[in-house]
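A short write-up of the structure that comes next.
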Amino acid sequence: MNRNALTFGMAILTVLAATAARAQTAPAEIKIGALYASSGPFASISMPVFDAFKLWIDDANAQGGVEVKPFGKKIPIKLISYDDQSSTATAATLYNQLITQDHVDLLVADSGSVLTSVGVPIAKEHKQFLFDVSGTGAPFFTPDNPYIALMADPVSTIWPHYISDFLDDVGVQAGFKTVAILYSTNDFTGTQANALKGSFEKDGKLKLVYFEGVPTTTSNYTVLINNIAALNPDAVLEMGYVGNDIAFLRNLQDSGNQFRFVFSIYAGTEMEEIEKNVGVSAMTNIFSYVPASNYEYKPDVGMDLKQFRAAWDKKYPAGAGVAFGANAIYGYMTGLVIERTLATTKSLKQEDIHDAVFALSGKLKTLDGAFTLREDGAQIGEVTPLGQLQPDGKDKLKLVAVYPPELANGKAVLGK
Amino acid sequence: MLIGALVAGVLFGLYFTLVGLGLNLVFGVMRIVNLAHGDFLMLGGIAAWWLFTVSGLHPLASAALVIAALILIGLPLYYLVVPRLLRARDSEMLSLILFFGLSQMIEAVTSIGLGTTERSLPARILGVGPVILFGTRLPKAWLYSAAASAIAVLFVYLYLYRTRIGTLTRAVMVSRDEALATGIDIHWVSAVAFGVSLALAGVAGVFAPFMLGSITPNIGVGLNITAFAIIVVGTLGNPLGTVLGGIVYGVSLMLMQTYLSSWANLLPNLLLIAVLLIRPEGLLGRKVRRA
C-alpha cells in the first residue's frame, strides 16, 4: 500500500516537474517575421495579404494567442514586419534580417512570386522554413529544398490547366483555331505562359500564332494589341499583374479590337480593383480565374467567406485604401495554416514545423479550397476554375465559373 | 506593324514630351535636376482622380485647377529650397539628393494618406471608340494627350520667346551670374519657371491614367528616369528639345514592343547610354541648348 502511494506520489511529482519545465521554457511570444510592400508595383497584391494576416493575428491575440502544442498553452503572437517597397534587393536584405537578427520562429514571405523569389534561397540556406503565401513560381519547389510550402494558390504550372482544357474542348468545338499569348516576364506569369504554350503544342489542336513577353513594368499595350489583332487570333491570353491587366483591358477597349476569347488573370482575381479602374464595359465577358473570393468553398477551419468579408469590412472600411480580393483570403488562410501548425508541431524546430505543415496536407479545407502539398512544397490541392465576367443587371458583373463542368455554375459566352 | 508602331510612337512620344518638358525647363534655368518631378506628375493625376470622384469634374477642367494649384505650390517651394541649394558648391549633385528625398516624402505621404491601390479615370470621358490614323487603331485619349502636349510646348515657346519674363528667363539660362549683374531678379524669374515646370508635370499627370492605365503613389520614380532620358536625348537645358527627345523615345518604345518586346523596359537606359556615348550634348546640340 505504502509502496503504491509512493509510486503514485512520484508520478505526480514527475508530471508537475515536467509541467514546470514546460512553463519555464515556453516563450513569452511566438515571433512571426513577414515582409510586405506598401509601395511599388506589388503593393496592390501585397497589402491585402498583409492586412488579412494582421487581422488573423489580432483575432488570435484577442483570444490570448495561439495554442502551441510543445508548451501546452496559448502564446501571443508578435509580428515583426518590414516594408520591402516592392524591391527584390530590399526584400533579400530584410529576409536575412528576420532570420539572422530578429531570430523569428516562423517566416512568412511577401505576396507574389517576384518578392518571394529572393526569400526562397535565403530561407533554404539558413534552414528556416518559409511559409510561401502566394509565390507560385514553379522553380521555387525542388526536391532538395524541404524549407518551403506554398500556402495559397496552386503552383503556377497548374493554374492555366483549365484554360487550355477549355480552349481545346469548348473552343475547338466553337471553331477556334489560333491563340495569342502575351505575358509579363516574371516567375508567376512566365511559368503560366510557358505551361500554356507547352500544352497547346502538345495537344496540337490550336495553333499558337503569338507568344511574346513584356516587362512587368509595361503600362501601355495599344501597339501590342494592334500587333496581335493583325494576326487575327481567336483567343487572346494576357498574363500580367494587376497594373498590367488594368492597362491591357483599358487599351483593348480603347483600341476597339475584339477577340472571341480574352483572358486576364486579375480581372477575376482582384475583381474590385480592376473594375474600379477599368469599368464594367471593358470587363464584360472577359475570362479569368475564379478565385476563392468569388467561390464559396466550405472551410473546416476559421471563418467562412461571408464572415471573413464582414470581419474585413469592419477592420478595413471602404476607403481604407486596400481592396478586398483573393489576396486577402491568401493572407488569412496563411494565418490559419500557421495556427494549425503550431497546434500540432512537436517543437519550434524548423524541421518539426515542416513536418507539422506537411501533416496538414490533404486534411485541411480552407477558404481557398483543399490544402494539399506535393512533396516539394508546391500547392496542388487548390484549383483555379476558369470563369467569365458576365453581366448581372445594370452596370454590374458577376464572375461565373464556366469550366471544368464539375465546378461550373454557368455557361461560357464566346464572341462571334 | 511598322507603320502602326511609328504612328503610335509619335503620339505616345508627344505625351512623353509633356512629361519631360517641365524637368528640362527647371534644368535649363536653374541647372538642378528635380527628381521629384514624377511625383508632382503623380499628384496631378491623383488630383484629377479625386476631383472626378468627388464632384465629377471633367479632367480637362481639372487640368486648369491643377495648373493653378501647382504654380502656387511651386513658388514658395522654390524659395524654400532652391536658393540655398544654388549657394552650394555642387548644386547639381546636391539637387539630386534633395529632390530624391522630396520624392520619397511625397510618395510616402500619398501612400499613407490614400493607400497603394491603383486609381484611374474612365476612358469614356475622353470619347468612346478608337481613332484610326494611317490604318492604326489608337485610343481617342492619345489625341487629347498629344494635343495637350502640343499646347504646352506652344505655351512654353510663347512664354520663353514672346514675353518679358521669358526674355529674362532665357537670360538666366545663358548665365545666372550675368543676369544677376544686370539687375534681373533671378529668384523671381526662376521661381516662376519652377512653378510652370510643376504645372506642366501636373497636366501630364491628369492624362496619365489614360496613357499609363492607372496611377499609384509610386509611379514617380520610373517616370523620372524616363523623363530624364528624354531630356538628355533632346538636349539638357533646352525645353523645346524635349519634343524631339519625347518622339524619339515614343517611336523607339513602340518599335521595341513590336520587334523585341521583352527588352522594352531597357529603352530609357539604352537611349541615355547611346546619346552620352555618341552625342553627349543631345540631338539638338549645344548651340540650341544655350538659348
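So you can find residues: chains in the C-alpha cells are A, B, ... in the order shown, residues in each start at 1, and ligands are numbered from 1 in order.
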Give me the residues of chain B that have any atom at most 6 Å from an atom of chain A; for each, the nearest atom pair and the distance in Å, rounded to one decimal. Use only C-alpha atoms, sort by chain and number, and format it as JSON lines.
{"residue": "B:Leu114", "atom": "CA", "partner": "A:Gly321", "partner_atom": "CA", "distance": 5.8}
{"residue": "B:Gly115", "atom": "CA", "partner": "A:Gly321", "partner_atom": "CA", "distance": 4.0}
{"residue": "B:Thr117", "atom": "CA", "partner": "A:Ser44", "partner_atom": "CA", "distance": 5.4}
{"residue": "B:Arg119", "atom": "CA", "partner": "A:Asn277", "partner_atom": "CA", "distance": 6.0}
{"residue": "B:Ser120", "atom": "CA", "partner": "A:Asn277", "partner_atom": "CA", "distance": 5.0}
{"residue": "B:Gly129", "atom": "CA", "partner": "A:Asp254", "partner_atom": "CA", "distance": 5.6}
{"residue": "B:Pro130", "atom": "CA", "partner": "A:Ser255", "partner_atom": "CA", "distance": 5.0}
{"residue": "B:Arg137", "atom": "CA", "partner": "A:Ser255", "partner_atom": "CA", "distance": 5.5}
{"residue": "B:Leu138", "atom": "CA", "partner": "A:Ser255", "partner_atom": "CA", "distance": 5.3}
{"residue": "B:Pro139", "atom": "CA", "partner": "A:Asp254", "partner_atom": "CA", "distance": 4.7}
{"residue": "B:Leu212", "atom": "CA", "partner": "A:Ser219", "partner_atom": "CA", "distance": 5.0}
{"residue": "B:Gly213", "atom": "CA", "partner": "A:Ala247", "partner_atom": "CA", "distance": 4.1}
{"residue": "B:Asn218", "atom": "CA", "partner": "A:Gly40", "partner_atom": "CA", "distance": 5.3}
{"residue": "B:Ser261", "atom": "CA", "partner": "A:Val214", "partner_atom": "CA", "distance": 5.2}
{"residue": "B:Ser262", "atom": "CA", "partner": "A:Val214", "partner_atom": "CA", "distance": 4.4}
Restrict the selected residues to C-alpha atoms and save them as a compact mmCIF listing (two decimals), in the first residue's frame.
# COMPACT_ATOMS: atom_id res chain seq x y z
CA LEU B 114 -4.62 57.32 -49.85
CA GLY B 115 -3.34 53.76 -49.79
CA THR B 117 -4.22 50.80 -54.81
CA ARG B 119 -6.51 54.70 -59.45
CA SER B 120 -7.83 55.68 -62.81
CA GLY B 129 -14.04 54.11 -79.52
CA PRO B 130 -10.77 54.30 -81.35
CA ARG B 137 -6.33 51.98 -84.20
CA LEU B 138 -5.50 54.31 -81.35
CA PRO B 139 -7.39 55.43 -78.25
CA LEU B 212 -0.47 54.60 -68.45
CA GLY B 213 -3.61 52.72 -67.44
CA ASN B 218 4.98 55.01 -56.69
CA SER B 261 9.10 43.30 -76.55
CA SER B 262 10.84 41.57 -73.63
Self-check item: Non-local contacts of A:Ser134 (9 Å; only C-alpha atoms; under 2 positions in same chain excluded) as a PyMOL selection string
Solution: chain A and resi 109-113+116+132+136-137+150-155+327+330-331
Write a file of the selected residues as a PDB file, in the first residue's frame, keeping C-alpha atoms.
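Result went into result_32.pdb, see below:
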ATOM      1  CA  ALA A 109       7.115  35.503 -47.453  1.00  0.00           C
ATOM      2  CA  ASP A 110       5.793  38.618 -49.167  1.00  0.00           C
ATOM      3  CA  SER A 111       2.993  38.161 -51.657  1.00  0.00           C
ATOM      4  CA  GLY A 112       3.618  37.061 -55.227  1.00  0.00           C
ATOM      5  CA  SER A 113       6.421  35.239 -56.967  1.00  0.00           C
ATOM      6  CA  THR A 116       9.141  35.501 -52.787  1.00  0.00           C
ATOM      7  CA  ASP A 132       5.190  30.945 -49.013  1.00  0.00           C
ATOM      8  CA  THR A 136       3.606  30.197 -57.113  1.00  0.00           C
ATOM      9  CA  GLY A 137       6.626  30.190 -59.445  1.00  0.00           C
ATOM     10  CA  LEU A 150       3.004  27.114 -50.726  1.00  0.00           C
ATOM     11  CA  MET A 151       0.000  28.155 -48.686  1.00  0.00           C
ATOM     12  CA  ALA A 152      -2.492  29.643 -51.128  1.00  0.00           C
ATOM     13  CA  ASP A 153      -2.962  29.120 -54.840  1.00  0.00           C
ATOM     14  CA  PRO A 154      -1.632  26.176 -56.725  1.00  0.00           C
ATOM     15  CA  VAL A 155       1.827  26.236 -58.241  1.00  0.00           C
ATOM     16  CA  ASN A 327      -5.060  38.092 -51.832  1.00  0.00           C
ATOM     17  CA  TYR A 330      -4.465  34.149 -49.036  1.00  0.00           C
ATOM     18  CA  GLY A 331      -3.213  36.201 -46.074  1.00  0.00           C
TER      19      GLY A 331
END
Quiz prompt | Who sits within 12 Å of A:Asp102, only C-alpha atoms, same chain under 5 positions skipped, as a list in words | solution = Ile30, Lys31, Ile32, Gly33, Ala34, Lys78, Leu79, Ile80, Ser81, Tyr82, Leu94, Tyr95, Asn96, Gln97 and Leu107 of chain A
Quiz item: Among stretch 81-233 of chain A, which residues carry a DSSP assignment of strand (DSSP E), reported as JSON, numbers by chain?
Solution: {"A": [81, 82, 83, 106, 107, 108, 130, 131, 132, 148, 149, 150, 178, 179, 180, 181, 182, 183, 184, 207, 208, 209, 210, 211, 212, 213, 214]}
Give me a file of those residues, with C-alpha atoms, as a PDB file, in the first residue's frame.
ATOM      1  CA  SER A  81       7.321  43.030 -40.281  1.00  0.00           C
ATOM      2  CA  TYR A  82       9.258  45.150 -42.718  1.00  0.00           C
ATOM      3  CA  ASP A  83       8.358  47.067 -45.844  1.00  0.00           C
ATOM      4  CA  LEU A 106       8.255  31.462 -38.286  1.00  0.00           C
ATOM      5  CA  LEU A 107       8.998  33.202 -41.554  1.00  0.00           C
ATOM      6  CA  VAL A 108       6.266  34.370 -43.925  1.00  0.00           C
ATOM      7  CA  LEU A 130       9.324  29.592 -45.431  1.00  0.00           C
ATOM      8  CA  PHE A 131       5.561  29.982 -45.370  1.00  0.00           C
ATOM      9  CA  ASP A 132       5.190  30.945 -49.013  1.00  0.00           C
ATOM     10  CA  ILE A 148       9.192  25.828 -48.189  1.00  0.00           C
ATOM     11  CA  ALA A 149       5.482  25.187 -48.617  1.00  0.00           C
ATOM     12  CA  LEU A 150       3.004  27.114 -50.726  1.00  0.00           C
ATOM     13  CA  THR A 178      -5.488  30.147 -83.212  1.00  0.00           C
ATOM     14  CA  VAL A 179      -4.287  31.533 -79.875  1.00  0.00           C
ATOM     15  CA  ALA A 180      -2.123  34.507 -78.878  1.00  0.00           C
ATOM     16  CA  ILE A 181      -0.312  34.721 -75.533  1.00  0.00           C
ATOM     17  CA  LEU A 182       1.061  37.972 -74.170  1.00  0.00           C
ATOM     18  CA  TYR A 183       2.720  37.717 -70.769  1.00  0.00           C
ATOM     19  CA  SER A 184       4.749  39.707 -68.289  1.00  0.00           C
ATOM     20  CA  LYS A 207      -2.041  26.989 -83.286  1.00  0.00           C
ATOM     21  CA  LEU A 208      -0.060  29.464 -81.216  1.00  0.00           C
ATOM     22  CA  VAL A 209       0.358  32.487 -83.513  1.00  0.00           C
ATOM     23  CA  TYR A 210       1.763  34.990 -80.985  1.00  0.00           C
ATOM     24  CA  PHE A 211       3.882  34.318 -77.912  1.00  0.00           C
ATOM     25  CA  GLU A 212       5.650  37.394 -76.561  1.00  0.00           C
ATOM     26  CA  GLY A 213       6.828  38.574 -73.158  1.00  0.00           C
ATOM     27  CA  VAL A 214       6.825  42.168 -71.987  1.00  0.00           C
TER      28      VAL A 214
END
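Excluding A:Pro391 and any residue on its chain fewer than 2 positions from it, the residues at most 12 Å away by only C-alpha atoms are Val280, Ser281, Ala282, Met283, Thr284, Asn285, Ile286, Gln388, Leu389, Gly393, Lys394, Asp395, Lys396, Leu397, Lys398, Leu399, Val400 and Val413 of chain A.
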Limited to C-alpha atoms, could you put the picked residues into a file as a PDB file, in the first residue's frame?
ATOM      1  CA  VAL A 280     -17.777  47.328 -66.289  1.00  0.00           C
ATOM      2  CA  SER A 281     -17.953  47.585 -70.071  1.00  0.00           C
ATOM      3  CA  ALA A 282     -14.251  46.821 -70.568  1.00  0.00           C
ATOM      4  CA  MET A 283     -14.558  43.716 -68.376  1.00  0.00           C
ATOM      5  CA  THR A 284     -17.757  42.268 -69.760  1.00  0.00           C
ATOM      6  CA  ASN A 285     -17.289  38.685 -70.982  1.00  0.00           C
ATOM      7  CA  ILE A 286     -13.585  38.672 -70.116  1.00  0.00           C
ATOM      8  CA  GLN A 388     -16.152  34.594 -67.088  1.00  0.00           C
ATOM      9  CA  LEU A 389     -17.325  38.060 -66.070  1.00  0.00           C
ATOM     10  CA  GLY A 393     -28.134  43.574 -64.086  1.00  0.00           C
ATOM     11  CA  LYS A 394     -27.299  47.132 -64.987  1.00  0.00           C
ATOM     12  CA  ASP A 395     -23.648  48.115 -64.643  1.00  0.00           C
ATOM     13  CA  LYS A 396     -22.817  45.021 -62.643  1.00  0.00           C
ATOM     14  CA  LEU A 397     -20.810  41.908 -63.314  1.00  0.00           C
ATOM     15  CA  LYS A 398     -20.664  38.504 -61.748  1.00  0.00           C
ATOM     16  CA  LEU A 399     -17.844  36.035 -62.065  1.00  0.00           C
ATOM     17  CA  VAL A 400     -19.333  32.777 -63.276  1.00  0.00           C
ATOM     18  CA  VAL A 413     -20.364  33.095 -73.752  1.00  0.00           C
TER      19      VAL A 413
END
Quiz item: Could you state the separation of atom CA of A:Val68 and atom CA of A:Ala328 in Å, given to one decimal place?
Solution: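 Between atom CA of A:Val68 and atom CA of A:Ala328 the gap works out to 24.9 Å.
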